[in-house]
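The structure file run.txt is reproduced below (compact mmCIF, C-alpha atoms).
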```txt
# COMPACT_ATOMS: atom_id res chain seq x y z
CA MET A 10 -16.54 -17.89 1.53
CA ILE A 11 -15.71 -15.67 4.48
CA ASN A 12 -18.07 -15.72 7.45
CA TYR A 13 -17.88 -12.18 8.81
CA ASN A 14 -20.25 -13.01 11.67
CA SER A 15 -17.55 -15.18 13.23
CA TRP A 16 -15.28 -12.15 13.52
CA HIS A 17 -17.69 -10.03 15.58
CA MET A 18 -17.08 -6.85 13.59
CA PRO A 19 -19.01 -5.26 10.73
CA LYS A 20 -17.80 -5.63 7.20
CA PRO A 21 -16.23 -2.34 6.03
CA ASP A 22 -18.07 -0.13 3.57
CA ILE A 23 -16.00 -0.67 0.44
CA SER A 24 -18.37 0.78 -2.16
CA THR A 25 -16.17 2.81 -4.53
CA GLY A 26 -18.35 3.46 -7.56
CA SER A 27 -16.04 4.78 -10.27
CA ALA A 28 -13.34 5.82 -7.78
CA ASP A 29 -9.80 5.27 -8.96
CA PRO A 30 -8.32 2.61 -6.64
CA LEU A 31 -4.92 4.27 -7.03
CA SER A 32 -6.23 7.66 -5.89
CA GLU A 33 -5.64 9.34 -2.57
CA GLY A 34 -9.36 9.16 -1.89
CA PHE A 35 -9.49 5.38 -2.13
CA ILE A 36 -6.12 4.41 -0.68
CA GLY A 37 -6.40 7.03 2.04
CA ARG A 38 -9.76 5.61 3.08
CA VAL A 39 -8.31 2.10 3.26
CA LEU A 40 -5.39 3.35 5.33
CA ALA A 41 -7.63 5.26 7.73
CA ASP A 42 -9.78 2.17 8.27
CA LEU A 43 -6.73 0.03 9.02
CA VAL A 44 -5.17 2.58 11.38
CA GLN A 45 -8.47 2.96 13.25
CA THR A 46 -8.38 -0.80 13.89
CA PRO A 47 -5.71 -1.46 16.56
CA SER A 48 -3.36 -4.39 15.96
CA THR A 49 -0.60 -3.88 18.51
CA ASN A 50 1.82 -6.73 19.15
CA PRO A 51 1.61 -7.55 21.98
CA GLY A 52 -1.86 -6.24 22.75
CA ALA A 53 -4.81 -6.26 20.39
CA TYR A 54 -2.99 -8.43 17.81
CA GLU A 55 -4.06 -8.72 14.18
CA ASN A 56 -7.39 -10.53 13.77
CA ASP A 57 -9.55 -7.40 13.57
CA VAL A 58 -7.30 -5.94 10.89
CA ALA A 59 -7.38 -9.28 9.05
CA GLN A 60 -11.14 -8.91 8.87
CA ARG A 61 -10.84 -5.38 7.51
CA VAL A 62 -8.44 -6.62 4.84
CA LEU A 63 -10.84 -9.38 3.83
CA GLY A 64 -13.59 -6.79 3.59
CA TRP A 65 -11.58 -4.55 1.32
CA LEU A 66 -10.87 -7.53 -0.97
CA ALA A 67 -14.38 -8.98 -0.88
CA ASP A 68 -15.78 -7.32 -4.00
CA ILE A 69 -12.95 -8.13 -6.41
CA PRO A 70 -12.19 -11.54 -7.95
CA VAL A 71 -9.41 -12.59 -5.59
CA GLU A 72 -9.16 -15.90 -3.80
CA THR A 73 -8.61 -15.31 -0.08
CA GLN A 74 -7.66 -17.58 2.78
CA LEU A 75 -7.12 -17.19 6.49
CA VAL A 76 -3.91 -18.95 7.48
CA GLU A 77 -3.49 -19.71 11.18
CA SER A 78 0.10 -18.60 11.64
CA MET A 79 0.00 -19.13 15.43
CA PRO A 80 -2.82 -20.24 17.72
CA ASP A 81 -5.79 -17.92 17.15
CA ARG A 82 -3.74 -15.45 15.08
CA TYR A 83 -4.52 -15.38 11.37
CA SER A 84 -2.60 -14.07 8.38
CA VAL A 85 -4.43 -13.36 5.13
CA GLY A 86 -3.26 -14.80 1.82
CA ALA A 87 -4.86 -13.73 -1.46
CA VAL A 88 -4.35 -14.40 -5.16
CA LEU A 89 -5.62 -12.48 -8.16
CA ARG A 90 -5.10 -15.36 -10.54
CA GLY A 91 -4.11 -15.01 -14.18
CA ARG A 92 -5.51 -17.07 -17.01
CA SER A 93 -2.16 -18.68 -17.78
CA ASP A 94 1.02 -19.71 -16.00
CA GLY A 95 2.71 -16.32 -16.15
CA PRO A 96 4.94 -14.68 -13.56
CA ARG A 97 3.77 -14.44 -9.96
CA LEU A 98 4.38 -11.17 -8.13
CA VAL A 99 4.16 -11.24 -4.31
CA LEU A 100 3.27 -8.08 -2.40
CA ASN A 101 4.06 -8.61 1.27
CA GLY A 102 3.19 -6.62 4.36
CA HIS A 103 2.54 -7.17 8.06
CA MET A 104 -0.60 -6.25 9.98
CA ASP A 105 0.87 -5.92 13.47
CA THR A 106 2.25 -2.72 14.95
CA VAL A 107 4.34 -1.88 17.97
CA PRO A 108 2.34 -0.74 21.02
CA VAL A 109 1.71 2.89 21.94
CA ASP A 110 4.26 3.76 24.63
CA ASP A 111 2.71 6.97 26.00
CA ALA A 112 -0.44 8.35 24.37
CA ASP A 113 0.14 11.68 26.17
CA LEU A 114 3.11 12.31 23.88
CA TRP A 115 0.84 12.26 20.82
CA THR A 116 -0.79 15.41 19.49
CA SER A 117 -3.81 13.38 18.34
CA ASP A 118 -5.47 10.03 19.01
CA PRO A 119 -2.96 7.27 18.06
CA PHE A 120 -5.87 5.39 16.45
CA GLY A 121 -7.72 8.41 15.08
CA ALA A 122 -6.14 8.44 11.59
CA ASN A 123 -6.16 12.24 11.63
CA VAL A 124 -4.95 14.04 8.49
CA ARG A 125 -2.91 17.24 8.80
CA ASP A 126 -0.80 19.03 6.19
CA GLY A 127 -0.89 16.10 3.80
CA PHE A 128 0.07 13.45 6.38
CA LEU A 129 -2.07 10.76 8.01
CA TYR A 130 -1.17 10.21 11.67
CA GLY A 131 -1.60 7.08 13.77
CA ARG A 132 0.06 3.99 15.17
CA GLY A 133 0.99 1.83 12.24
CA ALA A 134 0.28 4.54 9.66
CA CYS A 135 3.84 4.28 8.35
CA ASP A 136 4.88 0.86 9.68
CA MET A 137 3.23 -0.52 7.79
CA LYS A 138 -0.47 -0.07 7.17
CA ALA A 139 0.41 2.37 4.41
CA GLY A 140 2.02 -0.53 2.58
CA LEU A 141 -1.06 -2.71 3.17
CA ALA A 142 -3.30 0.02 1.74
CA VAL A 143 -1.06 0.20 -1.33
CA GLN A 144 -1.37 -3.56 -1.82
CA ILE A 145 -5.16 -3.35 -1.64
CA GLY A 146 -5.24 -0.45 -4.09
CA VAL A 147 -3.03 -2.30 -6.58
CA ALA A 148 -5.22 -5.42 -6.30
CA HIS A 149 -8.37 -3.36 -7.05
CA HIS A 150 -6.63 -1.70 -9.98
CA LEU A 151 -5.48 -4.96 -11.56
CA SER A 152 -8.87 -6.60 -10.95
CA ARG A 153 -10.37 -4.14 -13.44
CA GLN A 154 -8.10 -5.70 -16.08
CA VAL A 155 -8.44 -9.30 -14.98
CA ASP A 156 -9.34 -10.46 -18.50
CA ARG A 157 -5.81 -9.47 -19.59
CA LEU A 158 -4.04 -11.03 -16.61
CA GLU A 159 -1.47 -13.61 -17.69
CA GLY A 160 0.48 -13.81 -14.45
CA SER A 161 -0.84 -13.71 -10.89
CA LEU A 162 -0.73 -11.17 -8.11
CA VAL A 163 -0.12 -12.77 -4.70
CA LEU A 164 -0.87 -10.76 -1.56
CA HIS A 165 0.48 -11.30 1.96
CA PHE A 166 -1.05 -9.68 5.03
CA ALA A 167 1.06 -11.28 7.72
CA VAL A 168 0.94 -11.44 11.49
CA GLY A 169 3.84 -11.07 13.85
CA GLU A 170 6.60 -9.32 11.91
CA GLU A 171 7.35 -6.90 14.73
CA ARG A 172 8.49 -9.83 16.89
CA ALA A 173 9.91 -12.02 14.09
CA GLU A 174 6.99 -14.42 14.38
CA PRO A 175 6.20 -16.78 11.50
CA GLY A 176 3.37 -14.93 9.76
CA THR A 177 5.04 -14.52 6.39
CA LEU A 178 6.66 -17.93 6.65
CA SER A 179 3.26 -19.53 7.25
CA LEU A 180 1.88 -17.88 4.12
CA LEU A 181 4.80 -19.13 2.05
CA ASP A 182 4.34 -22.61 3.49
CA ALA A 183 0.63 -22.42 2.53
CA GLY A 184 1.61 -21.87 -1.13
CA TYR A 185 1.47 -18.08 -1.37
CA THR A 186 4.78 -17.80 -3.16
CA GLY A 187 6.01 -16.37 -6.43
CA ASP A 188 8.85 -15.35 -8.73
CA PHE A 189 9.27 -11.75 -7.65
CA GLY A 190 8.45 -9.94 -4.45
CA ILE A 191 7.99 -6.47 -3.02
CA VAL A 192 7.79 -5.98 0.74
CA THR A 193 5.99 -2.66 1.10
CA GLU A 194 7.91 -1.50 4.19
CA PRO A 195 8.70 2.24 4.34
CA THR A 196 11.66 3.13 2.09
CA GLU A 197 10.60 6.60 0.85
CA LEU A 198 10.21 4.95 -2.57
CA LYS A 199 13.83 3.85 -2.69
CA ILE A 200 14.60 0.25 -3.65
CA ALA A 201 16.23 -1.80 -0.89
CA ALA A 202 18.15 -4.61 -2.54
CA ALA A 203 19.82 -5.41 0.80
CA THR A 204 18.33 -5.50 4.28
CA ARG A 205 19.96 -5.73 7.67
CA GLY A 206 19.34 -8.61 10.03
CA LEU A 207 18.74 -8.40 13.76
CA VAL A 208 19.69 -10.43 16.79
CA PRO A 209 18.55 -8.84 20.05
CA LEU A 210 21.14 -10.21 22.43
CA HIS A 211 19.97 -11.08 25.92
CA ILE A 212 22.92 -11.33 28.28
CA ARG A 213 22.11 -12.57 31.78
CA LEU A 214 24.68 -12.09 34.54
CA LYS A 215 23.84 -14.55 37.30
CA GLY A 216 24.86 -13.92 40.91
CA ARG A 217 23.45 -14.82 44.32
CA SER A 218 21.22 -12.47 46.29
CA ILE A 219 21.77 -11.50 49.91
CA HIS A 220 21.13 -8.58 52.25
CA ALA A 221 23.33 -5.71 51.12
CA SER A 222 24.83 -5.36 54.62
CA ARG A 223 26.38 -8.80 54.10
CA ALA A 224 27.14 -8.36 50.41
CA HIS A 225 30.49 -10.13 50.67
CA LEU A 226 28.63 -13.38 51.32
CA GLY A 227 26.65 -13.14 48.06
CA ILE A 228 27.68 -12.85 44.40
CA ASN A 229 26.94 -9.39 43.00
CA PRO A 230 26.35 -9.45 39.22
CA ALA A 231 26.47 -5.65 39.05
CA TRP A 232 30.26 -5.74 39.35
CA ALA A 233 30.41 -7.77 36.13
CA LEU A 234 28.83 -5.05 34.03
CA HIS A 235 32.09 -3.20 33.52
CA TRP A 236 33.97 -6.09 31.92
CA VAL A 237 30.93 -7.20 29.92
CA LEU A 238 30.51 -3.72 28.45
CA GLU A 239 34.24 -3.47 27.76
CA ALA A 240 34.11 -6.76 25.87
CA LEU A 241 31.13 -5.50 23.87
CA ARG A 242 33.05 -2.33 23.05
CA GLY A 243 35.83 -4.43 21.54
CA TYR A 244 33.25 -6.51 19.68
CA GLU A 245 31.74 -3.32 18.25
CA ALA A 246 35.16 -2.19 17.02
CA ASP A 247 35.54 -5.43 15.08
CA ILE A 248 32.00 -5.12 13.67
CA LEU A 249 32.81 -1.68 12.27
CA LYS A 250 35.69 -3.17 10.29
CA ARG A 251 33.26 -5.32 8.27
CA SER A 252 31.67 -3.45 5.36
CA HIS A 253 28.88 -3.87 2.84
CA ALA A 254 28.38 -1.84 -0.32
CA LEU A 255 24.78 -0.83 0.44
CA LEU A 256 24.59 -1.19 4.22
CA SER A 257 27.99 0.11 5.34
CA HIS A 258 28.38 -1.97 8.52
CA GLY A 259 26.44 -3.59 11.31
CA SER A 260 25.97 -2.18 14.79
CA CYS A 261 26.02 -3.22 18.43
CA THR A 262 23.97 -1.03 20.78
CA PRO A 263 23.32 -1.78 24.47
CA THR A 264 19.76 -0.64 25.08
CA VAL A 265 18.20 -1.99 28.31
CA ILE A 266 19.50 -3.07 31.72
CA HIS A 267 17.24 -4.74 34.31
CA GLY A 268 18.24 -6.06 37.70
CA GLY A 269 17.51 -6.15 41.37
CA VAL A 270 14.35 -5.90 43.43
CA VAL A 271 15.15 -3.49 46.27
CA PRO A 272 18.13 -1.17 46.83
CA ASN A 273 19.26 -2.92 50.02
CA ALA A 274 19.69 -6.39 48.50
CA VAL A 275 22.20 -7.85 46.07
CA SER A 276 20.35 -9.05 42.98
CA ASP A 277 20.25 -12.63 41.80
CA PHE A 278 20.79 -11.55 38.21
CA ILE A 279 21.10 -8.60 35.85
CA ASP A 280 19.72 -8.67 32.30
CA LEU A 281 21.45 -6.66 29.60
CA TYR A 282 19.85 -6.32 26.17
CA VAL A 283 21.89 -5.41 23.10
CA ASP A 284 20.51 -4.50 19.67
CA ARG A 285 22.82 -6.19 17.17
CA ARG A 286 22.20 -5.31 13.52
CA LEU A 287 23.66 -7.68 10.95
CA ILE A 288 24.88 -7.25 7.39
CA PRO A 289 24.82 -9.99 4.73
CA GLY A 290 27.60 -12.45 5.46
CA GLU A 291 26.82 -12.37 9.18
CA SER A 292 24.32 -14.72 10.80
CA VAL A 293 22.36 -14.86 14.04
CA ASP A 294 23.93 -18.12 15.25
CA ALA A 295 27.48 -17.10 14.41
CA GLU A 296 27.16 -13.78 16.24
CA LEU A 297 25.62 -15.47 19.29
CA ALA A 298 28.58 -17.84 19.39
CA ASP A 299 31.06 -14.99 18.94
CA VAL A 300 29.59 -12.89 21.76
CA THR A 301 29.43 -15.89 24.08
CA ALA A 302 33.08 -16.71 23.43
CA ARG A 303 34.18 -13.10 23.93
CA LEU A 304 32.37 -12.77 27.26
CA ASN A 305 33.71 -16.06 28.54
CA GLU A 306 37.22 -14.97 27.60
CA ALA A 307 36.75 -11.53 29.21
CA ARG A 308 35.45 -12.94 32.48
CA PRO A 309 38.08 -12.44 35.23
CA ALA A 310 39.46 -15.61 36.76
CA ASP A 311 38.27 -14.56 40.23
CA SER A 312 34.68 -13.79 39.16
CA ASP A 313 31.91 -16.12 40.31
CA VAL A 314 29.31 -14.41 38.07
CA GLU A 315 27.89 -16.76 35.47
CA VAL A 316 27.11 -15.46 31.97
CA GLU A 317 24.35 -16.69 29.69
CA VAL A 318 23.80 -15.37 26.14
CA GLU A 319 20.74 -15.98 23.99
CA ALA A 320 18.65 -14.32 21.31
CA ALA A 321 15.54 -12.59 22.62
CA PHE A 322 12.19 -12.86 20.88
CA ASN A 323 12.95 -11.48 17.40
CA ARG A 324 15.63 -13.00 15.18
CA PHE A 325 16.02 -11.77 11.61
CA GLU A 326 18.70 -12.97 9.23
CA PRO A 327 20.02 -10.34 6.78
CA ALA A 328 19.01 -10.65 3.13
CA GLU A 329 20.14 -9.31 -0.20
CA ILE A 330 19.79 -9.75 -3.93
CA SER A 331 21.90 -8.32 -6.72
CA SER A 332 21.35 -4.65 -7.50
CA GLU A 333 21.22 -5.83 -11.11
CA ALA A 334 18.39 -8.33 -10.47
CA PRO A 335 15.36 -8.08 -12.77
CA VAL A 336 12.94 -7.02 -10.01
CA VAL A 337 15.19 -4.04 -9.27
CA GLY A 338 15.20 -3.15 -12.96
CA TYR A 339 11.42 -3.42 -13.20
CA LEU A 340 10.96 -1.03 -10.27
CA LEU A 341 13.55 1.39 -11.65
CA ASP A 342 11.74 1.48 -15.00
CA SER A 343 8.31 1.95 -13.40
CA THR A 344 9.51 4.71 -11.08
CA GLU A 345 10.97 6.54 -14.07
CA ARG A 346 7.75 6.15 -16.08
CA VAL A 347 5.39 7.16 -13.27
CA LEU A 348 7.34 9.79 -11.35
CA GLY A 349 9.62 11.05 -14.10
CA LYS A 350 12.76 10.50 -12.06
CA PRO A 351 14.91 7.50 -11.23
CA ALA A 352 14.75 5.72 -7.90
CA SER A 353 17.88 5.02 -5.90
CA VAL A 354 18.99 1.56 -4.82
CA PHE A 355 20.05 1.33 -1.18
CA GLY A 356 20.26 -0.93 1.85
CA ALA A 357 17.43 -0.89 4.41
CA PRO A 358 18.84 -0.20 7.90
CA TYR A 359 16.09 -2.20 9.62
CA ALA A 360 15.10 -5.88 9.49
CA SER A 361 12.01 -7.12 7.65
CA ASP A 362 10.18 -10.19 6.37
CA VAL A 363 11.98 -9.84 3.05
CA ARG A 364 14.36 -12.31 4.74
CA ASN A 365 11.60 -14.99 4.46
CA LEU A 366 10.99 -14.27 0.80
CA VAL A 367 14.67 -14.22 -0.18
CA ASN A 368 16.28 -16.69 2.24
CA ASP A 369 13.48 -19.20 2.82
CA ALA A 370 11.50 -19.15 -0.44
CA GLY A 371 14.18 -18.13 -2.95
CA ILE A 372 12.06 -15.24 -4.25
CA GLU A 373 13.80 -12.31 -5.90
CA ALA A 374 12.48 -9.62 -3.56
CA VAL A 375 13.15 -6.10 -2.28
CA ASN A 376 11.74 -3.62 0.20
CA PHE A 377 9.92 -0.74 -1.52
CA GLY A 378 7.17 1.30 0.06
CA PRO A 379 5.84 4.65 1.25
CA GLY A 380 7.00 6.43 4.37
CA ASN A 381 10.13 7.35 6.29
CA VAL A 382 11.39 4.77 8.79
CA ALA A 383 12.49 7.65 11.05
CA GLU A 384 8.78 8.34 11.62
CA CYS A 385 7.95 4.81 12.80
CA HIS A 386 7.81 3.39 16.35
CA CYS A 387 7.42 6.88 17.80
CA ALA A 388 4.81 9.37 18.97
CA ASP A 389 2.95 11.05 16.11
CA GLU A 390 3.83 8.29 13.65
CA ARG A 391 2.74 9.48 10.23
CA VAL A 392 2.91 8.90 6.48
CA GLU A 393 2.65 11.35 3.60
CA LEU A 394 -0.47 10.67 1.51
CA ARG A 395 1.19 11.86 -1.71
CA GLN A 396 3.90 9.24 -1.26
CA LEU A 397 1.21 6.63 -0.65
CA VAL A 398 -0.33 7.38 -4.05
CA ASP A 399 3.02 7.53 -5.83
CA CYS A 400 3.96 4.12 -4.43
CA ALA A 401 0.67 2.56 -5.51
CA GLN A 402 1.03 3.93 -9.01
CA VAL A 403 4.61 2.71 -9.35
CA ILE A 404 3.78 -0.82 -8.16
CA ALA A 405 0.65 -0.89 -10.33
CA ASP A 406 2.73 0.11 -13.36
CA MET A 407 5.28 -2.60 -12.64
CA SER A 408 2.49 -5.13 -12.10
CA GLU A 409 0.90 -4.27 -15.43
CA HIS A 410 4.14 -4.64 -17.35
CA LEU A 411 4.95 -7.92 -15.61
CA LEU A 412 1.52 -9.58 -15.42
CA LEU A 413 -0.71 -8.23 -18.22
CA ASP A 414 -0.61 -9.14 -21.88
CA GLY A 415 0.17 -6.44 -24.40
CA CYS A 416 2.34 -4.37 -22.01
```

The structure in this file should be written as structure tokens.
Amino acid sequence: MINYNSWHMPKPDISTGSADPLSEGFIGRVLADLVQTPSTNPGAYENDVAQRVLGWLADIPVETQLVESMPDRYSVGAVLRGRSDGPRLVLNGHMDTVPVDDADLWTSDPFGANVRDGFLYGRGACDMKAGLAVQIGVAHHLSRQVDRLEGSLVLHFAVGEERAEPGTLSLLDAGYTGDFGIVTEPTELKIAAATRGLVPLHIRLKGRSIHASRAHLGINPAWALHWVLEALRGYEADILKRSHALLSHGSCTPTVIHGGVVPNAVSDFIDLYVDRRLIPGESVDAELADVTARLNEARPADSDVEVEVEAAFNRFEPAEISSEAPVVGYLLDSTERVLGKPASVFGAPYASDVRNLVNDAGIEAVNFGPGNVAECHCADERVELRQLVDCAQVIADMSEHLLLDGC
């Protein structure tokens, strides 16, 4: 029993009558409600969206649970349970979004869920509240056939994915696991059998501050930037020699430099951040060790600058399954049946919580969802409503053939 009063927000109006839960009307309304409920990380966080999710699931026969993934931050786990011990299909998505950098760059309210030319706009519309709306639509659809359900549908609405926090892992640890999995991240309805990892490298160059007029008596970390960046350039060249059939190669991209307090003082330290994308066969720890060794080797003998290397807040290991795995075949068949054309199998260029399903829980899982990743994490984030419906219908078709009797 969910106590909505403890959440300080009204339960959403989920009355649907005879509405098709796989229709644009239903799924679009779910998506709009979720987008209009901020869940930025950091910022508002996810609890208000968790409540909206619980509300949208309240009138169907699913078992729901709030799982405290981190102090005062709750993921939602749900099961539409079959009558026998059939397959378990996990649909996974995260509730958090990146913050809004500059609302003035948007042409509409980032939390307005405005619809224009067949697209719904808003922070998180594509990444990945569209996927959450699809999961809710599929659950409503299958609930209308619950008397034929042999297997079980398992739903994840996780906290913290944007910062690699343990939302999905906490749901798996709480028993919300299965045989097959779909992470409904945006793939434009392509099937991602492989997914890149991520280690955001934090390189700190440590010096000693002093008045700039007496700079020779301090240790200026700024002078170390040139040999650090040269070493990273050589590292990148070696990365590009490693290849993967679906993901091509990894990448190494310096992104942010911070240092100093005032222009007339040598800084104590300079922080350099590097976005390092990994392919299967590479690992976070191995790449941290490699970069550390390269920088120590590149450091000139007469330099007093100290170098520290660590992973910043979000660490994702890469993940992959065989392109011939059954879950890939099921999605290929369903896409053909529903859309009349085959889907392509590719490698997702971003990192996602599929790594928890595949690497930690041993679930045969892929990324497959609505939206274009190029329209995420930016002003005027948006998702095409037609693609939202197509995705829901494909996953519903796969779910029926996997979980219902007589299919």

(request) Could you give me, as a PyMOL selection string, the residues that sit within 10 Å of (-8.5, -3.8, 13.3) in the file's coordinates, counting all atoms listed in the file? (result) chain A and resi 18+42-49+53-62+104-105

(message) When you count only C-alpha atoms, which of these residues is closest to A:Glu72: A:Ser161, A:Thr116, A:Ser343, A:Asn229?
(response) A:Ser161

(request) Write out as a ChimeraX atom specification each polymer residue whose atoms come within 6 Å of A:Ile191, counting all atoms listed in the file; drop sequence neighbours fewer than 5 positions from it. (result) /A:100,374-376

(request) Find the distance between atom CA of A:Thr264 and atom CA of A:Asp284 and write it in Å to one decimal. (result) 6.7 Å

(request) Have a look at atom CA of A:Pro175 and atom CA of A:Gly131 and let me know their distance in Å, one decimal. (result)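 That distance, rounded to one decimal, is 25.2 Å.
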
(message) Would you compute the distance between atom CA of A:Asn368 and atom CA of A:Ala246? Give it in Å to one decimal.
(response)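 Going from atom CA of A:Asn368 over to atom CA of A:Ala246 covers 28.0 Å.
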
(request) Between A:Thr106, A:Asn305, A:Ser117, A:Ser32, single out the one closest to A:Ile145, counting only C-alpha atoms. (result)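 Comparing A:Thr106, A:Asn305, A:Ser117, A:Ser32 against A:Ile145, the winner is A:Ser32.
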
Residue list as a PDB file with C-alpha atoms, in the frame of the given file for point (5.3, 12.1, 11.9), cut-off 9 Å, all atoms listed in the file:
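Done, and the output landed in point.pdb:
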```pdb
ATOM      1  CA  PHE A 128       0.070  13.450   6.380  1.00  0.00           C
ATOM      2  CA  LEU A 129      -2.070  10.760   8.010  1.00  0.00           C
ATOM      3  CA  TYR A 130      -1.170  10.210  11.670  1.00  0.00           C
ATOM      4  CA  GLY A 131      -1.600   7.080  13.770  1.00  0.00           C
ATOM      5  CA  CYS A 135       3.840   4.280   8.350  1.00  0.00           C
ATOM      6  CA  ASN A 381      10.130   7.350   6.290  1.00  0.00           C
ATOM      7  CA  ALA A 383      12.490   7.650  11.050  1.00  0.00           C
ATOM      8  CA  GLU A 384       8.780   8.340  11.620  1.00  0.00           C
ATOM      9  CA  CYS A 385       7.950   4.810  12.800  1.00  0.00           C
ATOM     10  CA  CYS A 387       7.420   6.880  17.800  1.00  0.00           C
ATOM     11  CA  ALA A 388       4.810   9.370  18.970  1.00  0.00           C
ATOM     12  CA  ASP A 389       2.950  11.050  16.110  1.00  0.00           C
ATOM     13  CA  GLU A 390       3.830   8.290  13.650  1.00  0.00           C
ATOM     14  CA  ARG A 391       2.740   9.480  10.230  1.00  0.00           C
ATOM     15  CA  VAL A 392       2.910   8.900   6.480  1.00  0.00           C
ATOM     16  CA  GLU A 393       2.650  11.350   3.600  1.00  0.00           C
TER      17      GLU A 393
END
```

(message) Please determine, counting all atoms listed in the file, which residue among A:Trp115, A:Tyr244, A:Phe166, A:Trp65 has the shortest atom-to-atom distance to A:Leu180.
(response)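 For A:Leu180, the nearest of the given residues is A:Phe166.
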
(message) Restricting the calculation to only C-alpha atoms: of A:Gly127, A:Gly371, A:Pro379, A:Gly206, which residue gets closest to A:Pro358?
(response)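 Closest residue, counting only C-alpha atoms: A:Gly206.
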
(message) I need the residue nearest A:Val398 from this list: A:Glu306, A:Leu348, A:Leu162, A:Thr262. Use only C-alpha atoms for the distance.
(response)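 The answer is A:Leu348, which sits nearest to A:Val398.
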
(message) Just checking: using all atoms listed in the file, which residue out of A:Val382, A:Val314, A:Ala334, A:Ala202 ends up closest to A:Trp232?
(response) A:Val314

(request) Give me the residues within 8 Å of A:Phe377 as a ChimeraX atom specification, counting only C-alpha atoms and dropping any in the same chain fewer than 6 places off. (result) /A:191-201

(message) Using all atoms listed in the file, which protein or nucleic acid residues come within 12 Å of A:Asn50? Drop anything in the same chain fewer than 4 positions from it, and give the result as a ChimeraX atom specification.
(response) /A:54-56,82,103-109,132-133,168-174

(request) Tell me, as a ChimeraX atom specification, which residues lie within 7 Å of stretch 269-281 of chain A, counting all atoms listed in the file; anything in the same chain fewer than 2 positions away does not count. (result) /A:211-221,224,229-231,265-267,283
